[in-house]
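K.L.:
Encoded as structure tokens, here's the structure I'll be asking about.
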Amino acid sequence: MGTVNVVVAVLNFISQQILNVPAYLIGIIAAVGLIALKKPVGQVVSGGLKAAMGYLILGAGATVVTAALDPFGTLVFRATGAQGVVPTNEVISAQAASQFGAASAYIIVLSFVLMLLIARFTPLKYIFLTGHHMVFMSMMLALVLSVGLHTDQQWLVVGIGSLLMAVIMVAMPAFTQPFTNRVTNSDKISVGHFNSLGYMLSGALGAAVGKKSKSTEDINFPKALSFLRDSMVSTTLLMVVLYLVFAIWAAFVVPADQLFAIFPSKPTDYGAFIMAAFAQALQFGIGVSIILYGVRIILGELVPAFQGIANKVVPGAKPALDIPIVFPYGPNASLIGFLSSFVGGLVALGIIALWLGPLWGVALILPGMVPHFFDGGGAGVFGNATGGRRGAMVGGFVNGLLITFLPASLMGVMGSFGLSNSTFGDADFCWYGTVVGRIANLGPGIGAVGLIVLVAVLFAAAWIWQVKVVDKGWLPAKEHVAFIDHVKEEEKAAKKAARMAAKAEEAKTAK
């Protein structure tokens, strides 16, 4: 028994203190890649530290954004009087940790090993590096499998859970890869974030609705508004407007004692309350700017170092990174996607409140500002890449519908945790958890077999997609006007470079 406890403690340490800290994981990966490239010791240390620090900077920005959005969510709900469940991965994971923490620790470590083996020996060469999403997925699988299989045999939960998680970590980056290539105009990175269904759907909808829509990044501001071209300024200004609108609204309808408690600074009069709202809006803009800076550092250090891993350890491997990695490719699109996703969440909330709730007992899911910002922002970038401004708005809106309806469906397979005041928020947690939970409900015999079949089908589908679609270089929305313009610009730049090279060669010959 003591040995078992030691093993659990070690696995908990690895999963919580190393794999749960993406910065450490990325720093180690960068260092390993540089070692594989036979770089000097100083460069290995520097590259590993800078990659880790870049991710910590990204995390610091995300923390600032989250801290600025939490009061805004409270402000909106107090002003509108909405009540219900707010999907928050951190909260539901913390609630489930005491009961399913050990199984989650085993799942996250074993699935990571299986993922590396899959990347090494199959065409699905993706290494999922978003540590906190790995922890959330392992906890969700441990929960729904334990509830659905009705078993106290932890080895069954861990074995099936590890297979399910390893496959989803390589399958979803594969399915999103053509859209990611479209966003980045390269094939160097992948998205490792469990809202992939939302990103794929946004990219597909963008291609369908936005063939003649200009890019969000080409918005022509009047000369007097040219300062709005700066994404930091435009993002912050829009959040200032939103914050002040809801702050003034809440000031009329919310009792003073509840109103002043919304902000951490605890203002004592209405003037201080308005300025507290203004300060939080500025904090949001600061957080977004920090995120973009962190992303630039990560890309600068990790992608070159990853070539070493691709060449030596896992030939051809791609890092699957957190969704803010795409924000610099469409700063305006990420903001439009966030707002559109929030609107979609409000529409879905109304549908549940007026129809699905009274008729079918569907839980009332309130829009969580954090998932709408990150998931909706990513959906906006993917939608813009294939369908311009129209794609960003439609993709973000549909993403908002997804991350409202899907969490409600997941609650039906969470047992007693389905009655709690939180649930998982991103699309992949919800659709995957619902499917896994429904199959697991068939029992430890039929359910276990059904889950193995699910793993096989998902793995085969991802393998076929990789070989038949991704490896053949398919890109969505090639007819989109933004894509055509981008190709023309590249051709112009190539011709200009060729002319300059020819002139330089002529001058060299003349000498």
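Ordered as shown in the structure tokens, chains take letters A, B, and onward, while each chain numbers its residues from 1 and ligands are numbered from 1 in the order shown.
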Within 6 Å of stretch 282-299 of chain A, counting only C-alpha atoms, which residues show up once you throw out same-chain ones fewer than 2 positions away? Write them as a ChimeraX atom specification, please.
P.N.:
/A:51,54,57-58,61,64-65,68,236,279-280,301-303,325
K.L.:
Give me, as an mmCIF file with N, CA, C and O atoms, in the first residue's frame, all polymer residues having an atom no more than 12 Å from A:Ala96, counting only C-alpha atoms and skipping those fewer than 5 positions away in the same chain.
P.N.:
```cif
data_model
loop_
_atom_site.group_PDB
_atom_site.id
_atom_site.type_symbol
_atom_site.label_atom_id
_atom_site.label_comp_id
_atom_site.auth_asym_id
_atom_site.auth_seq_id
_atom_site.Cartn_x
_atom_site.Cartn_y
_atom_site.Cartn_z
ATOM 1 N N ASN A 89 -13.540 25.869 -16.214
ATOM 2 C CA ASN A 89 -12.746 24.645 -16.116
ATOM 3 C C ASN A 89 -12.031 24.529 -14.774
ATOM 4 O O ASN A 89 -11.972 23.447 -14.182
ATOM 5 N N GLU A 90 -11.462 25.649 -14.301
ATOM 6 C CA GLU A 90 -10.703 25.618 -13.055
ATOM 7 C C GLU A 90 -11.580 25.239 -11.870
ATOM 8 O O GLU A 90 -11.174 24.470 -10.991
ATOM 9 N N VAL A 91 -12.806 25.771 -11.846
ATOM 10 C CA VAL A 91 -13.692 25.531 -10.705
ATOM 11 C C VAL A 91 -14.144 24.075 -10.658
ATOM 12 O O VAL A 91 -14.061 23.407 -9.624
ATOM 13 N N GLY A 101 -8.760 12.887 -8.340
ATOM 14 C CA GLY A 101 -7.415 13.408 -8.570
ATOM 15 C C GLY A 101 -6.386 12.344 -8.892
ATOM 16 O O GLY A 101 -5.541 12.530 -9.773
ATOM 17 N N ALA A 102 -6.428 11.198 -8.195
ATOM 18 C CA ALA A 102 -5.448 10.141 -8.429
ATOM 19 C C ALA A 102 -5.601 9.568 -9.837
ATOM 20 O O ALA A 102 -4.610 9.401 -10.570
ATOM 21 N N ALA A 103 -6.836 9.257 -10.230
ATOM 22 C CA ALA A 103 -7.075 8.730 -11.581
ATOM 23 C C ALA A 103 -6.642 9.740 -12.635
ATOM 24 O O ALA A 103 -6.043 9.378 -13.661
ATOM 25 N N SER A 104 -6.914 11.016 -12.381
ATOM 26 C CA SER A 104 -6.516 12.065 -13.318
ATOM 27 C C SER A 104 -5.004 12.112 -13.478
ATOM 28 O O SER A 104 -4.480 12.286 -14.589
ATOM 29 N N VAL A 135 -4.625 18.843 -18.046
ATOM 30 C CA VAL A 135 -5.143 18.566 -16.704
ATOM 31 C C VAL A 135 -6.666 18.566 -16.706
ATOM 32 O O VAL A 135 -7.310 17.669 -16.131
ATOM 33 N N PHE A 136 -7.273 19.550 -17.374
ATOM 34 C CA PHE A 136 -8.746 19.621 -17.418
ATOM 35 C C PHE A 136 -9.331 18.405 -18.132
ATOM 36 O O PHE A 136 -10.319 17.824 -17.684
ATOM 37 N N SER A 138 -7.971 15.393 -18.530
ATOM 38 C CA SER A 138 -7.789 14.185 -17.723
ATOM 39 C C SER A 138 -8.798 14.135 -16.581
ATOM 40 O O SER A 138 -9.330 13.070 -16.257
ATOM 41 N N MET A 139 -9.083 15.282 -15.972
ATOM 42 C CA MET A 139 -10.058 15.324 -14.881
ATOM 43 C C MET A 139 -11.463 15.041 -15.396
ATOM 44 O O MET A 139 -12.241 14.299 -14.772
ATOM 45 N N MET A 140 -11.804 15.621 -16.557
ATOM 46 C CA MET A 140 -13.128 15.384 -17.132
ATOM 47 C C MET A 140 -13.318 13.907 -17.466
ATOM 48 O O MET A 140 -14.368 13.314 -17.164
ATOM 49 N N LEU A 141 -12.303 13.283 -18.066
ATOM 50 C CA LEU A 141 -12.408 11.866 -18.425
ATOM 51 C C LEU A 141 -12.486 10.987 -17.183
ATOM 52 O O LEU A 141 -13.275 10.036 -17.134
ATOM 53 N N ALA A 142 -11.675 11.289 -16.173
ATOM 54 C CA ALA A 142 -11.738 10.517 -14.931
ATOM 55 C C ALA A 142 -13.127 10.603 -14.310
ATOM 56 O O ALA A 142 -13.669 9.601 -13.814
ATOM 57 N N LEU A 143 -13.723 11.783 -14.376
ATOM 58 C CA LEU A 143 -15.052 11.994 -13.783
ATOM 59 C C LEU A 143 -16.131 11.219 -14.540
ATOM 60 O O LEU A 143 -16.862 10.413 -13.955
ATOM 61 N N VAL A 144 -16.242 11.446 -15.847
ATOM 62 C CA VAL A 144 -17.355 10.839 -16.593
ATOM 63 C C VAL A 144 -17.186 9.326 -16.726
ATOM 64 O O VAL A 144 -18.175 8.588 -16.751
ATOM 65 N N SER A 146 -15.677 7.324 -14.427
ATOM 66 C CA SER A 146 -16.004 6.753 -13.114
ATOM 67 C C SER A 146 -17.504 6.723 -12.900
ATOM 68 O O SER A 146 -18.063 5.741 -12.397
ATOM 69 N N VAL A 147 -18.170 7.813 -13.276
ATOM 70 C CA VAL A 147 -19.625 7.894 -13.113
ATOM 71 C C VAL A 147 -20.325 6.924 -14.066
ATOM 72 O O VAL A 147 -21.235 6.188 -13.687
ATOM 73 N N MET A 414 -22.501 13.868 -15.845
ATOM 74 C CA MET A 414 -21.538 14.141 -14.773
ATOM 75 C C MET A 414 -22.023 13.671 -13.399
ATOM 76 O O MET A 414 -21.399 13.997 -12.386
ATOM 77 N N GLY A 415 -23.107 12.912 -13.356
ATOM 78 C CA GLY A 415 -23.592 12.416 -12.081
ATOM 79 C C GLY A 415 -23.940 13.540 -11.124
ATOM 80 O O GLY A 415 -24.541 14.545 -11.525
ATOM 81 N N SER A 416 -23.526 13.419 -9.873
ATOM 82 C CA SER A 416 -23.823 14.451 -8.884
ATOM 83 C C SER A 416 -23.138 15.765 -9.210
ATOM 84 O O SER A 416 -23.603 16.842 -8.811
ATOM 85 N N PHE A 417 -22.015 15.696 -9.964
ATOM 86 C CA PHE A 417 -21.330 16.931 -10.344
ATOM 87 C C PHE A 417 -22.138 17.713 -11.385
ATOM 88 O O PHE A 417 -21.882 18.889 -11.622
ATOM 89 N N GLY A 418 -23.093 17.060 -12.022
ATOM 90 C CA GLY A 418 -23.979 17.764 -12.946
ATOM 91 C C GLY A 418 -24.940 18.702 -12.250
ATOM 92 O O GLY A 418 -25.605 19.513 -12.887
ATOM 93 N N SER A 420 -23.779 20.671 -9.783
ATOM 94 C CA SER A 420 -22.950 21.713 -9.179
ATOM 95 C C SER A 420 -23.146 23.032 -9.913
ATOM 96 O O SER A 420 -23.846 23.117 -10.915
ATOM 97 N N SER A 422 -21.006 24.698 -11.602
ATOM 98 C CA SER A 422 -20.049 24.922 -12.683
ATOM 99 C C SER A 422 -19.945 23.678 -13.544
ATOM 100 O O SER A 422 -20.420 22.604 -13.179
ATOM 101 N N THR A 423 -19.316 23.829 -14.715
ATOM 102 C CA THR A 423 -19.058 22.704 -15.610
ATOM 103 C C THR A 423 -17.890 23.093 -16.502
ATOM 104 O O THR A 423 -17.358 24.204 -16.398
ATOM 105 N N PHE A 424 -17.455 22.170 -17.350
ATOM 106 C CA PHE A 424 -16.374 22.484 -18.281
ATOM 107 C C PHE A 424 -16.912 23.378 -19.397
ATOM 108 O O PHE A 424 -18.071 23.274 -19.785
#
```
K.L.:
What lies within 6 Å of stretch 338-349 of chain A using only C-alpha atoms, ignoring chain neighbours under 6 positions off, as a list in words?
P.N.:
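These residues fall inside the cut-off: Pro367, His372, Phe373, Gly376, Gly377, Met393, Gly396, Phe397, Asn399, Gly400, Leu401 and Thr404 of chain A.
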K.L.:
Generate the output file for the selected residues, N, CA and C atoms, as a compact mmCIF listing (two decimals), in the first residue's frame.
P.N.:
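What follows is the written file part10.txt:
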```txt
# COMPACT_ATOMS: atom_id res chain seq x y z
N PRO A 367 -23.02 33.09 -20.00
CA PRO A 367 -21.77 33.32 -20.75
C PRO A 367 -20.60 33.57 -19.80
N HIS A 372 -15.32 32.87 -23.56
CA HIS A 372 -15.75 33.64 -24.73
C HIS A 372 -14.60 34.47 -25.29
N PHE A 373 -13.72 34.98 -24.41
CA PHE A 373 -12.60 35.77 -24.92
C PHE A 373 -11.60 34.89 -25.66
N GLY A 376 -13.72 32.47 -28.32
CA GLY A 376 -14.32 33.35 -29.31
C GLY A 376 -13.27 34.11 -30.10
N GLY A 377 -12.21 34.57 -29.41
CA GLY A 377 -11.13 35.26 -30.11
C GLY A 377 -10.46 34.36 -31.13
N MET A 393 -17.24 37.34 -37.71
CA MET A 393 -18.48 37.56 -36.94
C MET A 393 -19.33 36.30 -36.87
N GLY A 396 -17.44 33.55 -34.79
CA GLY A 396 -17.48 33.86 -33.37
C GLY A 396 -18.86 33.64 -32.78
N PHE A 397 -19.90 34.05 -33.51
CA PHE A 397 -21.28 33.89 -33.03
C PHE A 397 -21.63 32.42 -32.84
N ASN A 399 -19.58 29.97 -32.44
CA ASN A 399 -18.78 29.47 -31.31
C ASN A 399 -19.49 29.76 -29.98
N GLY A 400 -20.08 30.95 -29.87
CA GLY A 400 -20.82 31.29 -28.66
C GLY A 400 -22.00 30.37 -28.42
N LEU A 401 -22.68 29.99 -29.49
CA LEU A 401 -23.78 29.02 -29.36
C LEU A 401 -23.24 27.67 -28.86
N THR A 404 -22.25 27.31 -25.21
CA THR A 404 -23.39 27.45 -24.29
C THR A 404 -24.23 26.17 -24.29
```
K.L.:
Considering only C-alpha atoms, return as a PDB file with all heavy atoms, in the first residue's frame whatever protein or nucleic-acid residues lie within 12 Å of A:Leu156, sequence-local ones (same chain, fewer than 5 positions apart) excluded.
P.N.:
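Okay, out-v7.pdb is ready:
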```
ATOM      1  N   ALA A 103      -6.836   9.257 -10.230  1.00  0.00           N
ATOM      2  CA  ALA A 103      -7.075   8.730 -11.581  1.00  0.00           C
ATOM      3  C   ALA A 103      -6.642   9.740 -12.635  1.00  0.00           C
ATOM      4  O   ALA A 103      -6.043   9.378 -13.661  1.00  0.00           O
ATOM      5  CB  ALA A 103      -8.553   8.390 -11.753  1.00  0.00           C
ATOM      6  N   TYR A 106      -2.781   9.627 -13.067  1.00  0.00           N
ATOM      7  CA  TYR A 106      -2.364   8.484 -13.888  1.00  0.00           C
ATOM      8  C   TYR A 106      -2.671   8.736 -15.365  1.00  0.00           C
ATOM      9  O   TYR A 106      -1.847   8.473 -16.249  1.00  0.00           O
ATOM     10  CB  TYR A 106      -3.095   7.219 -13.441  1.00  0.00           C
ATOM     11  CG  TYR A 106      -2.527   6.546 -12.223  1.00  0.00           C
ATOM     12  CD1 TYR A 106      -3.253   6.469 -11.048  1.00  0.00           C
ATOM     13  CD2 TYR A 106      -1.256   5.971 -12.257  1.00  0.00           C
ATOM     14  CE1 TYR A 106      -2.736   5.833  -9.923  1.00  0.00           C
ATOM     15  CE2 TYR A 106      -0.737   5.328 -11.145  1.00  0.00           C
ATOM     16  CZ  TYR A 106      -1.473   5.266  -9.975  1.00  0.00           C
ATOM     17  OH  TYR A 106      -0.963   4.636  -8.879  1.00  0.00           O
ATOM     18  N   ILE A 107      -3.870   9.238 -15.646  1.00  0.00           N
ATOM     19  CA  ILE A 107      -4.298   9.452 -17.031  1.00  0.00           C
ATOM     20  C   ILE A 107      -3.389  10.444 -17.745  1.00  0.00           C
ATOM     21  O   ILE A 107      -2.956  10.213 -18.885  1.00  0.00           O
ATOM     22  CB  ILE A 107      -5.765   9.925 -17.088  1.00  0.00           C
ATOM     23  CG1 ILE A 107      -6.702   8.768 -16.720  1.00  0.00           C
ATOM     24  CG2 ILE A 107      -6.117  10.463 -18.479  1.00  0.00           C
ATOM     25  CD1 ILE A 107      -8.160   9.192 -16.558  1.00  0.00           C
ATOM     26  N   LEU A 141     -12.303  13.283 -18.066  1.00  0.00           N
ATOM     27  CA  LEU A 141     -12.408  11.866 -18.425  1.00  0.00           C
ATOM     28  C   LEU A 141     -12.486  10.987 -17.183  1.00  0.00           C
ATOM     29  O   LEU A 141     -13.275  10.036 -17.134  1.00  0.00           O
ATOM     30  CB  LEU A 141     -11.218  11.458 -19.291  1.00  0.00           C
ATOM     31  CG  LEU A 141     -11.209  12.015 -20.716  1.00  0.00           C
ATOM     32  CD1 LEU A 141      -9.882  11.715 -21.414  1.00  0.00           C
ATOM     33  CD2 LEU A 141     -12.377  11.462 -21.533  1.00  0.00           C
ATOM     34  N   ALA A 142     -11.675  11.289 -16.173  1.00  0.00           N
ATOM     35  CA  ALA A 142     -11.738  10.517 -14.931  1.00  0.00           C
ATOM     36  C   ALA A 142     -13.127  10.603 -14.310  1.00  0.00           C
ATOM     37  O   ALA A 142     -13.669   9.601 -13.814  1.00  0.00           O
ATOM     38  CB  ALA A 142     -10.675  11.012 -13.945  1.00  0.00           C
ATOM     39  N   LEU A 145     -15.925   8.838 -16.783  1.00  0.00           N
ATOM     40  CA  LEU A 145     -15.714   7.391 -16.857  1.00  0.00           C
ATOM     41  C   LEU A 145     -16.073   6.712 -15.541  1.00  0.00           C
ATOM     42  O   LEU A 145     -16.696   5.644 -15.527  1.00  0.00           O
ATOM     43  CB  LEU A 145     -14.270   7.075 -17.236  1.00  0.00           C
ATOM     44  CG  LEU A 145     -13.860   7.367 -18.683  1.00  0.00           C
ATOM     45  CD1 LEU A 145     -12.357   7.196 -18.876  1.00  0.00           C
ATOM     46  CD2 LEU A 145     -14.625   6.489 -19.663  1.00  0.00           C
ATOM     47  N   SER A 146     -15.677   7.324 -14.427  1.00  0.00           N
ATOM     48  CA  SER A 146     -16.004   6.753 -13.114  1.00  0.00           C
ATOM     49  C   SER A 146     -17.504   6.723 -12.900  1.00  0.00           C
ATOM     50  O   SER A 146     -18.063   5.741 -12.397  1.00  0.00           O
ATOM     51  CB  SER A 146     -15.317   7.553 -12.003  1.00  0.00           C
ATOM     52  OG  SER A 146     -13.911   7.494 -12.128  1.00  0.00           O
ATOM     53  N   GLY A 148     -19.888   6.905 -15.339  1.00  0.00           N
ATOM     54  CA  GLY A 148     -20.585   6.117 -16.352  1.00  0.00           C
ATOM     55  C   GLY A 148     -20.360   4.627 -16.244  1.00  0.00           C
ATOM     56  O   GLY A 148     -21.298   3.835 -16.392  1.00  0.00           O
ATOM     57  N   LEU A 149     -19.112   4.221 -15.955  1.00  0.00           N
ATOM     58  CA  LEU A 149     -18.799   2.790 -15.901  1.00  0.00           C
ATOM     59  C   LEU A 149     -19.246   2.140 -14.585  1.00  0.00           C
ATOM     60  O   LEU A 149     -19.215   0.921 -14.456  1.00  0.00           O
ATOM     61  CB  LEU A 149     -17.293   2.566 -16.090  1.00  0.00           C
ATOM     62  CG  LEU A 149     -16.732   2.918 -17.477  1.00  0.00           C
ATOM     63  CD1 LEU A 149     -15.213   2.777 -17.500  1.00  0.00           C
ATOM     64  CD2 LEU A 149     -17.357   2.041 -18.561  1.00  0.00           C
ATOM     65  N   HIS A 150     -19.632   2.967 -13.603  1.00  0.00           N
ATOM     66  CA  HIS A 150     -20.118   2.449 -12.313  1.00  0.00           C
ATOM     67  C   HIS A 150     -19.130   1.440 -11.728  1.00  0.00           C
ATOM     68  O   HIS A 150     -19.498   0.335 -11.337  1.00  0.00           O
ATOM     69  CB  HIS A 150     -21.490   1.782 -12.470  1.00  0.00           C
ATOM     70  CG  HIS A 150     -22.518   2.649 -13.102  1.00  0.00           C
ATOM     71  ND1 HIS A 150     -23.014   3.786 -12.522  1.00  0.00           N
ATOM     72  CD2 HIS A 150     -23.137   2.557 -14.321  1.00  0.00           C
ATOM     73  CE1 HIS A 150     -23.907   4.353 -13.311  1.00  0.00           C
ATOM     74  NE2 HIS A 150     -23.988   3.631 -14.422  1.00  0.00           N
ATOM     75  N   THR A 151     -17.839   1.816 -11.715  1.00  0.00           N
ATOM     76  CA  THR A 151     -16.831   0.880 -11.240  1.00  0.00           C
ATOM     77  C   THR A 151     -15.859   1.561 -10.299  1.00  0.00           C
ATOM     78  O   THR A 151     -15.580   2.757 -10.437  1.00  0.00           O
ATOM     79  CB  THR A 151     -16.048   0.278 -12.427  1.00  0.00           C
ATOM     80  OG1 THR A 151     -15.084  -0.633 -11.924  1.00  0.00           O
ATOM     81  CG2 THR A 151     -15.327   1.362 -13.223  1.00  0.00           C
ATOM     82  N   GLY A 161      -9.186   5.859 -20.067  1.00  0.00           N
ATOM     83  CA  GLY A 161      -9.018   7.313 -20.071  1.00  0.00           C
ATOM     84  C   GLY A 161      -7.736   7.743 -20.756  1.00  0.00           C
ATOM     85  O   GLY A 161      -7.713   8.739 -21.489  1.00  0.00           O
ATOM     86  N   SER A 162      -6.644   6.994 -20.552  1.00  0.00           N
ATOM     87  CA  SER A 162      -5.357   7.333 -21.173  1.00  0.00           C
ATOM     88  C   SER A 162      -5.433   7.204 -22.693  1.00  0.00           C
ATOM     89  O   SER A 162      -4.912   8.046 -23.425  1.00  0.00           O
ATOM     90  CB  SER A 162      -4.254   6.425 -20.622  1.00  0.00           C
ATOM     91  OG  SER A 162      -4.111   6.600 -19.230  1.00  0.00           O
ATOM     92  N   LEU A 163      -6.076   6.137 -23.167  1.00  0.00           N
ATOM     93  CA  LEU A 163      -6.258   5.968 -24.609  1.00  0.00           C
ATOM     94  C   LEU A 163      -7.097   7.093 -25.198  1.00  0.00           C
ATOM     95  O   LEU A 163      -6.757   7.669 -26.240  1.00  0.00           O
ATOM     96  CB  LEU A 163      -6.915   4.620 -24.892  1.00  0.00           C
ATOM     97  CG  LEU A 163      -6.054   3.364 -24.704  1.00  0.00           C
ATOM     98  CD1 LEU A 163      -6.922   2.119 -24.834  1.00  0.00           C
ATOM     99  CD2 LEU A 163      -4.925   3.336 -25.729  1.00  0.00           C
ATOM    100  N   ALA A 440     -20.108   5.204 -21.835  1.00  0.00           N
ATOM    101  CA  ALA A 440     -19.739   4.610 -20.548  1.00  0.00           C
ATOM    102  C   ALA A 440     -20.967   4.182 -19.749  1.00  0.00           C
ATOM    103  O   ALA A 440     -20.915   3.213 -18.981  1.00  0.00           O
ATOM    104  CB  ALA A 440     -18.894   5.591 -19.737  1.00  0.00           C
ATOM    105  N   GLY A 443     -22.245   0.592 -19.162  1.00  0.00           N
ATOM    106  CA  GLY A 443     -21.722  -0.321 -18.156  1.00  0.00           C
ATOM    107  C   GLY A 443     -20.277  -0.704 -18.408  1.00  0.00           C
ATOM    108  O   GLY A 443     -19.727  -0.446 -19.484  1.00  0.00           O
ATOM    109  N   PRO A 444     -19.628  -1.338 -17.407  1.00  0.00           N
ATOM    110  CA  PRO A 444     -18.204  -1.663 -17.522  1.00  0.00           C
ATOM    111  C   PRO A 444     -17.881  -2.671 -18.615  1.00  0.00           C
ATOM    112  O   PRO A 444     -16.745  -2.729 -19.079  1.00  0.00           O
ATOM    113  CB  PRO A 444     -17.861  -2.238 -16.137  1.00  0.00           C
ATOM    114  CG  PRO A 444     -19.159  -2.656 -15.544  1.00  0.00           C
ATOM    115  CD  PRO A 444     -20.191  -1.731 -16.101  1.00  0.00           C
ATOM    116  N   GLY A 445     -18.846  -3.443 -19.077  1.00  0.00           N
ATOM    117  CA  GLY A 445     -18.603  -4.421 -20.140  1.00  0.00           C
ATOM    118  C   GLY A 445     -18.797  -3.816 -21.510  1.00  0.00           C
ATOM    119  O   GLY A 445     -17.841  -3.509 -22.231  1.00  0.00           O
ATOM    120  N   GLY A 447     -19.893  -0.876 -22.245  1.00  0.00           N
ATOM    121  CA  GLY A 447     -19.385   0.496 -22.283  1.00  0.00           C
ATOM    122  C   GLY A 447     -17.898   0.543 -22.582  1.00  0.00           C
ATOM    123  O   GLY A 447     -17.435   1.360 -23.393  1.00  0.00           O
ATOM    124  N   ALA A 448     -17.113  -0.336 -21.940  1.00  0.00           N
ATOM    125  CA  ALA A 448     -15.668  -0.355 -22.169  1.00  0.00           C
ATOM    126  C   ALA A 448     -15.348  -0.712 -23.620  1.00  0.00           C
ATOM    127  O   ALA A 448     -14.485  -0.086 -24.258  1.00  0.00           O
ATOM    128  CB  ALA A 448     -14.998  -1.354 -21.221  1.00  0.00           C
ATOM    129  N   VAL A 449     -16.056  -1.707 -24.151  1.00  0.00           N
ATOM    130  CA  VAL A 449     -15.851  -2.086 -25.554  1.00  0.00           C
ATOM    131  C   VAL A 449     -16.222  -0.932 -26.482  1.00  0.00           C
ATOM    132  O   VAL A 449     -15.515  -0.621 -27.450  1.00  0.00           O
ATOM    133  CB  VAL A 449     -16.674  -3.342 -25.900  1.00  0.00           C
ATOM    134  CG1 VAL A 449     -16.612  -3.639 -27.400  1.00  0.00           C
ATOM    135  CG2 VAL A 449     -16.190  -4.543 -25.105  1.00  0.00           C
ATOM    136  N   LEU A 451     -16.127   2.219 -25.854  1.00  0.00           N
ATOM    137  CA  LEU A 451     -15.129   3.291 -25.775  1.00  0.00           C
ATOM    138  C   LEU A 451     -13.867   2.934 -26.556  1.00  0.00           C
ATOM    139  O   LEU A 451     -13.242   3.810 -27.169  1.00  0.00           O
ATOM    140  CB  LEU A 451     -14.790   3.567 -24.307  1.00  0.00           C
ATOM    141  CG  LEU A 451     -15.925   4.230 -23.512  1.00  0.00           C
ATOM    142  CD1 LEU A 451     -15.619   4.230 -22.023  1.00  0.00           C
ATOM    143  CD2 LEU A 451     -16.187   5.657 -23.997  1.00  0.00           C
ATOM    144  N   ILE A 452     -13.485   1.669 -26.551  1.00  0.00           N
ATOM    145  CA  ILE A 452     -12.340   1.243 -27.372  1.00  0.00           C
ATOM    146  C   ILE A 452     -12.655   1.453 -28.853  1.00  0.00           C
ATOM    147  O   ILE A 452     -11.801   1.896 -29.638  1.00  0.00           O
ATOM    148  CB  ILE A 452     -12.004  -0.235 -27.101  1.00  0.00           C
ATOM    149  CG1 ILE A 452     -11.601  -0.445 -25.634  1.00  0.00           C
ATOM    150  CG2 ILE A 452     -10.892  -0.708 -28.033  1.00  0.00           C
ATOM    151  CD1 ILE A 452     -10.374   0.322 -25.215  1.00  0.00           C
TER     152      ILE A 452
END
```
K.L.:
Which residue, A:Asn332, A:Ser409, A:Thr80, A:Ser190, has the smallest gap to A:Val253 when you use only C-alpha atoms?
P.N.:
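Once distances to A:Val253 are computed over only C-alpha atoms, the minimum belongs to A:Thr80.
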K.L.:
Check the smallest atom-to-atom distance from each of A:Met134, A:Ile248, A:Met239, A:Cys430 to A:Ile336 using only C-alpha atoms, then report the winner.
P.N.:
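Of all the options, A:Met239 lies closest to A:Ile336.
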K.L.:
If we count only C-alpha atoms, what is near stretch 176-184 of chain A at a cut-off of 9 Å, once residues fewer than 2 positions away on the same chain are taken out, given as a PyMOL selection string?
P.N.:
chain A and resi 171-174+186-191+196-197+199-200+203-204+326+329-330+381-382+384-386+466+469-470+473-477+483
